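A.B. asks: Contents of upload.txt (compact mmCIF, C-alpha atoms):
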# COMPACT_ATOMS: atom_id res chain seq x y z
CA MET A 485 -1.70 -9.21 -37.08
CA GLU A 486 -2.27 -5.55 -37.89
CA LYS A 487 -4.85 -3.38 -36.18
CA LYS A 488 -6.53 -0.13 -37.11
CA GLY A 489 -4.36 2.89 -36.30
CA GLU A 490 -1.04 1.03 -36.46
CA ASP A 491 1.82 1.54 -38.89
CA LYS A 492 3.56 -1.74 -38.09
CA LYS A 493 2.57 -5.31 -37.44
CA ILE A 494 2.31 -6.35 -33.81
CA ASP A 495 2.51 -9.98 -32.75
CA TYR A 496 -0.16 -10.26 -30.04
CA GLU A 497 1.04 -13.73 -29.14
CA LYS A 498 4.06 -11.93 -27.66
CA THR A 499 2.72 -8.44 -26.92
CA ILE A 500 0.24 -7.94 -24.06
CA ILE A 501 0.05 -4.11 -24.08
CA HIS A 502 0.76 -1.83 -27.04
CA LEU A 503 0.55 1.98 -27.04
CA HIS A 504 0.73 3.50 -30.51
CA ASN A 505 1.57 7.21 -30.83
CA VAL A 506 -0.43 8.04 -27.70
CA THR A 507 -1.00 11.55 -26.39
CA LYS A 508 -2.83 12.78 -23.32
CA HIS A 509 -3.56 16.50 -23.14
CA TYR A 510 -5.32 18.49 -20.43
CA GLU A 511 -6.87 21.91 -20.86
CA MET A 512 -5.88 24.30 -18.07
CA GLY A 513 -7.72 27.53 -18.81
CA ASP A 514 -6.28 28.85 -22.04
CA ASN A 515 -3.33 26.47 -21.89
CA VAL A 516 -3.01 22.87 -23.02
CA VAL A 517 -0.78 20.67 -20.86
CA LYS A 518 0.79 17.84 -22.84
CA ALA A 519 1.20 15.29 -20.06
CA VAL A 520 2.01 12.57 -22.59
CA ASP A 521 3.09 13.68 -26.02
CA GLY A 522 3.21 10.94 -28.63
CA ILE A 523 4.62 7.81 -26.99
CA SER A 524 4.72 4.26 -28.33
CA ILE A 525 5.32 1.40 -25.91
CA ASP A 526 5.35 -2.35 -26.48
CA ILE A 527 5.14 -4.56 -23.40
CA GLN A 528 6.02 -8.16 -24.13
CA ARG A 529 4.49 -11.04 -22.24
CA GLY A 530 6.79 -12.10 -19.41
CA ASP A 531 8.95 -8.97 -19.49
CA PHE A 532 9.88 -6.82 -16.49
CA VAL A 533 9.39 -3.25 -17.68
CA ALA A 534 10.11 0.01 -15.89
CA VAL A 535 8.63 3.37 -16.85
CA MET A 536 11.11 5.78 -15.32
CA GLY A 537 11.14 9.54 -14.98
CA PRO A 538 11.27 12.44 -12.54
CA SER A 539 8.23 14.35 -11.30
CA GLY A 540 6.45 15.96 -14.24
CA SER A 541 7.88 13.54 -16.82
CA GLY A 542 4.48 12.00 -17.60
CA LYS A 543 5.10 8.62 -15.96
CA SER A 544 1.95 8.71 -13.78
CA THR A 545 -0.20 9.59 -16.79
CA SER A 546 1.58 6.87 -18.76
CA MET A 547 0.76 4.41 -15.98
CA ASN A 548 -2.93 5.27 -16.21
CA LEU A 549 -2.82 4.79 -19.97
CA ILE A 550 -0.84 1.52 -19.83
CA GLY A 551 -3.27 0.21 -17.22
CA SER A 552 -6.31 1.32 -19.26
CA LEU A 553 -7.41 3.53 -16.37
CA ASP A 554 -7.52 6.52 -18.70
CA MET A 555 -8.22 7.05 -22.39
CA PRO A 556 -5.80 8.83 -24.73
CA THR A 557 -6.50 12.17 -26.37
CA HIS A 558 -5.01 10.73 -29.55
CA GLY A 559 -3.52 7.39 -30.52
CA HIS A 560 -4.44 3.81 -29.79
CA ILE A 561 -4.00 1.46 -26.83
CA PHE A 562 -4.25 -2.30 -27.31
CA LEU A 563 -4.73 -4.58 -24.31
CA ASP A 564 -4.35 -8.25 -25.16
CA GLY A 565 -5.05 -7.41 -28.81
CA GLU A 566 -8.17 -5.32 -28.09
CA ASP A 567 -8.28 -1.66 -29.07
CA ILE A 568 -9.70 -0.22 -25.85
CA SER A 569 -11.00 2.88 -27.64
CA LEU A 570 -13.65 0.60 -29.15
CA LEU A 571 -14.87 -0.69 -25.77
CA ASN A 572 -17.49 0.74 -23.46
CA GLU A 573 -16.65 1.22 -19.77
CA SER A 574 -18.22 -2.08 -18.70
CA GLU A 575 -16.30 -4.04 -21.33
CA LEU A 576 -13.10 -2.19 -20.48
CA ALA A 577 -13.48 -2.91 -16.76
CA GLN A 578 -13.89 -6.62 -17.48
CA ILE A 579 -10.86 -6.98 -19.74
CA ARG A 580 -8.78 -4.80 -17.40
CA GLY A 581 -9.88 -6.74 -14.33
CA LYS A 582 -8.88 -10.05 -15.88
CA ASN A 583 -5.57 -8.94 -17.35
CA ILE A 584 -4.04 -6.37 -14.97
CA GLY A 585 -3.43 -6.33 -11.22
CA PHE A 586 -2.66 -2.92 -9.71
CA ILE A 587 -0.31 -2.15 -6.81
CA PHE A 588 -0.37 1.47 -5.66
CA GLN A 589 2.05 3.51 -3.56
CA GLN A 590 -0.75 4.51 -1.17
CA PHE A 591 -1.94 0.87 -0.91
CA ASN A 592 -5.59 1.97 -1.55
CA LEU A 593 -7.02 -0.63 0.81
CA ILE A 594 -10.62 -0.21 1.92
CA PRO A 595 -10.40 0.60 5.66
CA THR A 596 -13.79 -0.86 6.56
CA LEU A 597 -12.92 -4.28 5.09
CA THR A 598 -10.66 -6.87 6.67
CA VAL A 599 -7.45 -8.01 5.02
CA LYS A 600 -9.18 -11.05 3.52
CA GLU A 601 -12.20 -9.04 2.42
CA ASN A 602 -9.92 -6.59 0.58
CA VAL A 603 -8.41 -9.50 -1.34
CA VAL A 604 -11.78 -11.11 -2.03
CA LEU A 605 -13.32 -7.92 -3.42
CA PRO A 606 -11.82 -7.97 -6.97
CA MET A 607 -13.04 -11.54 -7.43
CA THR A 608 -16.65 -10.58 -6.68
CA LEU A 609 -16.55 -8.30 -9.73
CA GLN A 610 -15.56 -11.24 -11.94
CA GLY A 611 -18.41 -13.54 -10.94
CA ILE A 612 -16.30 -16.05 -9.01
CA SER A 613 -18.19 -18.20 -6.50
CA GLU A 614 -18.03 -17.35 -2.80
CA TYR A 615 -16.29 -20.61 -1.90
CA GLU A 616 -13.63 -20.14 -4.58
CA ARG A 617 -13.11 -16.49 -3.58
CA GLU A 618 -12.52 -17.39 0.06
CA GLU A 619 -10.23 -20.32 -0.74
CA LYS A 620 -8.14 -18.34 -3.22
CA ALA A 621 -7.79 -15.29 -0.96
CA GLU A 622 -6.59 -17.46 1.92
CA LYS A 623 -4.08 -19.27 -0.33
CA ILE A 624 -2.57 -15.99 -1.60
CA LEU A 625 -2.41 -14.49 1.90
CA ARG A 626 -0.67 -17.60 3.23
CA ARG A 627 1.90 -17.30 0.47
CA LEU A 628 2.59 -13.72 1.55
CA GLU A 629 2.83 -14.85 5.19
CA LEU A 630 -0.31 -13.00 6.24
CA ALA A 631 -2.33 -15.97 7.47
CA ASP A 632 -2.46 -14.51 10.99
CA ARG A 633 -3.64 -11.11 9.72
CA MET A 634 -6.63 -12.14 7.60
CA ASP A 635 -9.24 -10.82 10.03
CA HIS A 636 -7.37 -7.61 10.86
CA TYR A 637 -8.29 -4.23 9.39
CA PRO A 638 -5.73 -2.15 7.44
CA ASN A 639 -5.16 0.24 10.34
CA GLN A 640 -4.24 -2.72 12.56
CA ILE A 641 -1.24 -3.83 10.48
CA SER A 642 2.09 -2.28 9.48
CA GLY A 643 2.83 -0.42 6.25
CA GLY A 644 4.83 -3.37 4.92
CA GLN A 645 1.95 -5.72 5.67
CA GLN A 646 -0.52 -3.34 4.00
CA GLN A 647 1.61 -3.38 0.85
CA ARG A 648 1.59 -7.19 0.93
CA VAL A 649 -2.20 -7.10 1.18
CA ALA A 650 -2.20 -4.79 -1.85
CA ILE A 651 -0.03 -7.31 -3.71
CA ALA A 652 -2.37 -10.15 -2.68
CA ARG A 653 -5.34 -8.14 -3.97
CA ALA A 654 -3.50 -7.54 -7.26
CA LEU A 655 -3.03 -11.31 -7.64
CA ALA A 656 -6.65 -12.18 -6.82
CA ASN A 657 -7.85 -12.58 -10.41
CA ASP A 658 -4.61 -14.24 -11.54
CA PRO A 659 -3.73 -11.41 -13.97
CA GLU A 660 -1.00 -11.75 -16.55
CA VAL A 661 0.25 -8.21 -15.88
CA ILE A 662 1.12 -6.61 -12.54
CA LEU A 663 1.32 -2.82 -12.73
CA ALA A 664 3.18 -1.43 -9.71
CA ASP A 665 3.10 2.34 -9.17
CA GLU A 666 6.00 3.38 -6.89
CA PRO A 667 5.39 0.23 -4.79
CA THR A 668 8.27 1.00 -2.40
CA GLY A 669 7.56 4.73 -2.04
CA ASN A 670 5.94 4.53 1.41
CA LEU A 671 8.14 1.76 2.79
CA ASP A 672 11.47 1.62 4.59
CA THR A 673 14.43 0.37 2.55
CA LYS A 674 14.42 -3.20 3.90
CA THR A 675 10.69 -3.72 3.37
CA GLY A 676 10.86 -2.07 -0.04
CA LEU A 677 13.55 -4.52 -1.15
CA LYS A 678 11.35 -7.42 -0.05
CA VAL A 679 8.52 -6.07 -2.20
CA MET A 680 10.87 -5.87 -5.18
CA ASP A 681 12.13 -9.40 -4.45
CA PHE A 682 8.57 -10.69 -4.60
CA LEU A 683 7.84 -8.87 -7.88
CA THR A 684 10.99 -10.49 -9.25
CA GLU A 685 9.72 -13.89 -8.12
CA LEU A 686 6.38 -13.28 -9.86
CA ASN A 687 8.24 -12.30 -13.04
CA LYS A 688 10.29 -15.50 -12.91
CA GLU A 689 6.99 -17.40 -12.71
CA GLY A 690 5.99 -15.82 -16.03
CA ARG A 691 4.00 -12.74 -15.07
CA THR A 692 4.59 -9.46 -16.84
CA ILE A 693 5.67 -6.71 -14.43
CA VAL A 694 5.35 -3.00 -15.19
CA LEU A 695 7.11 -0.85 -12.60
CA VAL A 696 6.46 2.90 -12.57
CA THR A 697 9.21 4.67 -10.63
CA HIS A 698 11.21 7.87 -10.25
CA SER A 699 14.22 5.84 -9.09
CA PRO A 700 16.83 5.03 -11.75
CA GLU A 701 18.44 2.61 -9.28
CA LEU A 702 15.28 0.48 -9.03
CA ALA A 703 14.74 0.63 -12.79
CA LYS A 704 18.29 -0.44 -13.60
CA GLN A 705 18.49 -3.12 -10.92
CA TYR A 706 15.22 -4.92 -11.58
CA ALA A 707 13.82 -4.17 -15.04
CA HIS A 708 14.79 -5.87 -18.28
CA THR A 709 13.34 -3.04 -20.38
CA VAL A 710 13.34 0.60 -19.24
CA TYR A 711 11.42 3.45 -20.88
CA TRP A 712 13.01 6.75 -19.82
CA LEU A 713 10.48 9.59 -19.93
CA LYS A 714 11.08 13.33 -20.02
CA ASP A 715 8.52 16.09 -20.66
CA GLY A 716 5.89 13.60 -21.78
CA LYS A 717 8.12 11.93 -24.36
CA ILE A 718 10.24 8.79 -24.42
CA GLU A 719 13.81 10.02 -24.19
CA ARG A 720 15.36 6.57 -24.66
CA ILE A 721 14.79 2.85 -24.19
CA THR A 722 17.32 0.55 -22.56
CA LYS A 723 17.33 -3.22 -22.29
CA GLU A 724 19.19 -5.46 -19.87
CA ARG A 725 19.75 -9.20 -19.78
CA LYS A 726 20.01 -10.23 -16.15
CA ASN A 727 18.41 -11.83 -13.14
CA ALA A 728 18.05 -9.22 -10.44
CA PHE A 729 18.23 -11.73 -7.60
CA GLU A 730 19.32 -15.34 -7.34
CA LYS A 731 17.41 -15.85 -4.11
CA VAL A 732 14.15 -14.23 -3.06
CA GLY A 733 14.09 -12.92 0.49
CA LYS A 734 11.55 -13.93 3.09
CA TRP A 735 9.08 -11.69 4.87
CA LYS A 736 10.49 -11.26 8.34
CA GLY A 737 10.68 -8.58 10.97
CA ASP A 738 7.56 -6.46 10.34
Mind turning this structure into structure tokens?

C.D. replies:
Amino acid sequence: MEKKGEDKKIDYEKTIIHLHNVTKHYEMGDNVVKAVDGISIDIQRGDFVAVMGPSGSGKSTSMNLIGSLDMPTHGHIFLDGEDISLLNESELAQIRGKNIGFIFQQFNLIPTLTVKENVVLPMTLQGISEYEREEKAEKILRRLELADRMDHYPNQISGGQQQRVAIARALANDPEVILADEPTGNLDTKTGLKVMDFLTELNKEGRTIVLVTHSPELAKQYAHTVYWLKDGKIERITKERKNAFEKVGKWKGD
């Protein structure tokens, strides 16, 4: 299958997200900042991908583009075979909501909603019945060992528990892709490793994981495909064949 704006054929049975020669420029007075400067990324279904780079490399902008949270200045972005530049905001929100779950470094939980209400919220935007929303949220929270925290508010639980709530929320609509932006950045080492263990478990179950990180150690240890960014460009791509962990750790001690 070949889409408008592409110079090669992309198999959308295998490719969930495709960026083709994408740029993102910002005007700062008389200057133009090239945050992303002509990148092409193919994310295969079921892969564990890391977008790695230091501060200022363009990885955060790349995350927004990969997640269809932002539109490119030039180039094309295909999400599940759809060229998002052809979609209006309502259509884009629907396809994004069904296909991608987001995990943010700052958790981004709504403080006035309980743990369960935070997880239920994305499902209300997809027209899921109230009964199904409640049942599904409780099932996900039990899996993440948060059954006794469902009625708590974010400020009543630990940072590690908040990140687990953010993961539960990301799983609410059963997305094929989990996009994790520095998911261990605000956590202690032990809790951060548990988060990465769980992302590994989700990947083994068939979900596509996209990890955005400044840490080469995390990228090398967990990802199968790593895009190394520098100055808004892809410096190199590396691929690994490995299982990061044989056994997934349990949530204890927080």

A.B. asks: Compare A:Asp715, A:Glu629, A:Glu616, A:Asp635 by their minimum atom-to-atom distance to Lys543 in chain A, counting all atoms listed in the file, and give me the closest one.

C.D. replies: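 Of A:Asp715, A:Glu629, A:Glu616, A:Asp635, the one nearest Lys543 in chain A is A:Asp715, counting all atoms listed in the file.
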
A.B. asks: Can you list, as a PDB file with C-alpha atoms, in the frame of the given file, every protein, DNA or RNA residue that comes within 6 Å of range 693-699 of chain A when you count only C-alpha atoms, leaving out same-chain residues fewer than 2 positions away?

C.D. replies:
ATOM      1  CA  PHE A 532       9.880  -6.820 -16.490  1.00  0.00           C
ATOM      2  CA  VAL A 533       9.390  -3.250 -17.680  1.00  0.00           C
ATOM      3  CA  ALA A 534      10.110   0.010 -15.890  1.00  0.00           C
ATOM      4  CA  VAL A 535       8.630   3.370 -16.850  1.00  0.00           C
ATOM      5  CA  MET A 536      11.110   5.780 -15.320  1.00  0.00           C
ATOM      6  CA  GLY A 537      11.140   9.540 -14.980  1.00  0.00           C
ATOM      7  CA  PRO A 538      11.270  12.440 -12.540  1.00  0.00           C
ATOM      8  CA  VAL A 661       0.250  -8.210 -15.880  1.00  0.00           C
ATOM      9  CA  ILE A 662       1.120  -6.610 -12.540  1.00  0.00           C
ATOM     10  CA  LEU A 663       1.320  -2.820 -12.730  1.00  0.00           C
ATOM     11  CA  ALA A 664       3.180  -1.430  -9.710  1.00  0.00           C
ATOM     12  CA  ASP A 665       3.100   2.340  -9.170  1.00  0.00           C
ATOM     13  CA  GLU A 666       6.000   3.380  -6.890  1.00  0.00           C
ATOM     14  CA  GLU A 701      18.440   2.610  -9.280  1.00  0.00           C
ATOM     15  CA  LEU A 702      15.280   0.480  -9.030  1.00  0.00           C
TER      16      LEU A 702
END

A.B. asks: Tell me which of A:Gly669, A:Gly611, A:Gly585, A:Gly565 sits closest to Ala650 in chain A, counting all atoms listed in the file.

C.D. replies: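 For Ala650 in chain A, the nearest of the given residues is A:Gly585.
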
A.B. asks: Kindly list the centre and edge lengths in Å, rounded to one decimal, for the axis-aligned box that covers all listed atoms of range 645-652 of chain A plus 5 Å on each of its six sides, as JSON.

C.D. replies:
{"center_x": -0.2, "center_y": -6.7, "center_z": 1.0, "size_x": 14.3, "size_y": 16.8, "size_z": 19.4}

A.B. asks: Write out as CSV the residues of range 626-731 of chain A that have any atom within 8 Å of an atom of range 590-595 of chain A, one row each with the nearest atom pair and its distance in Å to one decimal, counting all atoms listed in the file, sorted by chain and then rising number.

C.D. replies:
residue,atom,partner,partner_atom,distance
A:Tyr637,CA,A:Pro595,CA,6.5
A:Pro638,CA,A:Pro595,CA,5.7
A:Asn639,CA,A:Pro595,CA,7.0
A:Gln646,CA,A:Phe591,CA,6.6
A:Gln647,CA,A:Phe591,CA,5.8
A:Ala650,CA,A:Phe591,CA,5.7
A:Asn670,CA,A:Gln590,CA,7.2

A.B. asks: Got time to write the residues from that selection, C-alpha atoms, as a PDB file, in the coordinates of the input?

C.D. replies:
ATOM      1  CA  TYR A 637      -8.290  -4.230   9.390  1.00  0.00           C
ATOM      2  CA  PRO A 638      -5.730  -2.150   7.440  1.00  0.00           C
ATOM      3  CA  ASN A 639      -5.160   0.240  10.340  1.00  0.00           C
ATOM      4  CA  GLN A 646      -0.520  -3.340   4.000  1.00  0.00           C
ATOM      5  CA  GLN A 647       1.610  -3.380   0.850  1.00  0.00           C
ATOM      6  CA  ALA A 650      -2.200  -4.790  -1.850  1.00  0.00           C
ATOM      7  CA  ASN A 670       5.940   4.530   1.410  1.00  0.00           C
TER       8      ASN A 670
END

A.B. asks: Counting only C-alpha atoms, figure out which residue out of A:Phe682, A:Ile584, A:Leu630, A:Gln578 gets nearest to Thr608 in chain A.

C.D. replies: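 Residue with the minimum atom-to-atom distance to Thr608 in chain A: A:Gln578.
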
A.B. asks: Neighbours of range 493-507 of chain A within 10 Å (only C-alpha atoms; same-chain residues fewer than 3 positions away dropped), as number ranges by chain?

C.D. replies: A: 485-487, 489-490, 518-531, 545-546, 549-552, 555-567, 583, 660-661, 692, 716-717

A.B. asks: Just to confirm, what's the straight-line distance from CA of Arg648 in chain A to CA of Asp632 in chain A in Å (one decimal)?

C.D. replies: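 Between CA of Arg648 in chain A and CA of Asp632 in chain A the gap works out to 13.1 Å.
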
A.B. asks: Identify which of the residues A:Lys508, A:Arg653, A:Lys600, A:His636 lies closest to Phe588 in chain A, counting only C-alpha atoms when measuring atom-to-atom distances.

C.D. replies: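 Among the listed residues, A:Arg653 lies closest to Phe588 in chain A.
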
A.B. asks: When you draw a straight line from CA of Glu573 in chain A to CA of Ser539 in chain A, how long is it in Å?

C.D. replies: 29.4 Å

A.B. asks: By how many Å are CA of Lys704 in chain A and CA of Glu689 in chain A apart?

C.D. replies: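 Separating CA of Lys704 in chain A from CA of Glu689 in chain A is a distance of 20.4 Å.
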
A.B. asks: Pull the neighbourhood of (16.3, 0.4, -16.9) for me: all residues within 8 Å in file coordinates, counting all atoms listed in the file, as an MDAnalysis selection string.

C.D. replies: chainID A and resid 533:534 536 700 702:712 721:724

A.B. asks: Using all atoms listed in the file, which of the listed residues (A:Asn548, A:Gln610, A:Thr684, A:Gln640) sits closest to Glu575 in chain A?

C.D. replies: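 For Glu575 in chain A, the nearest of the given residues is A:Gln610.
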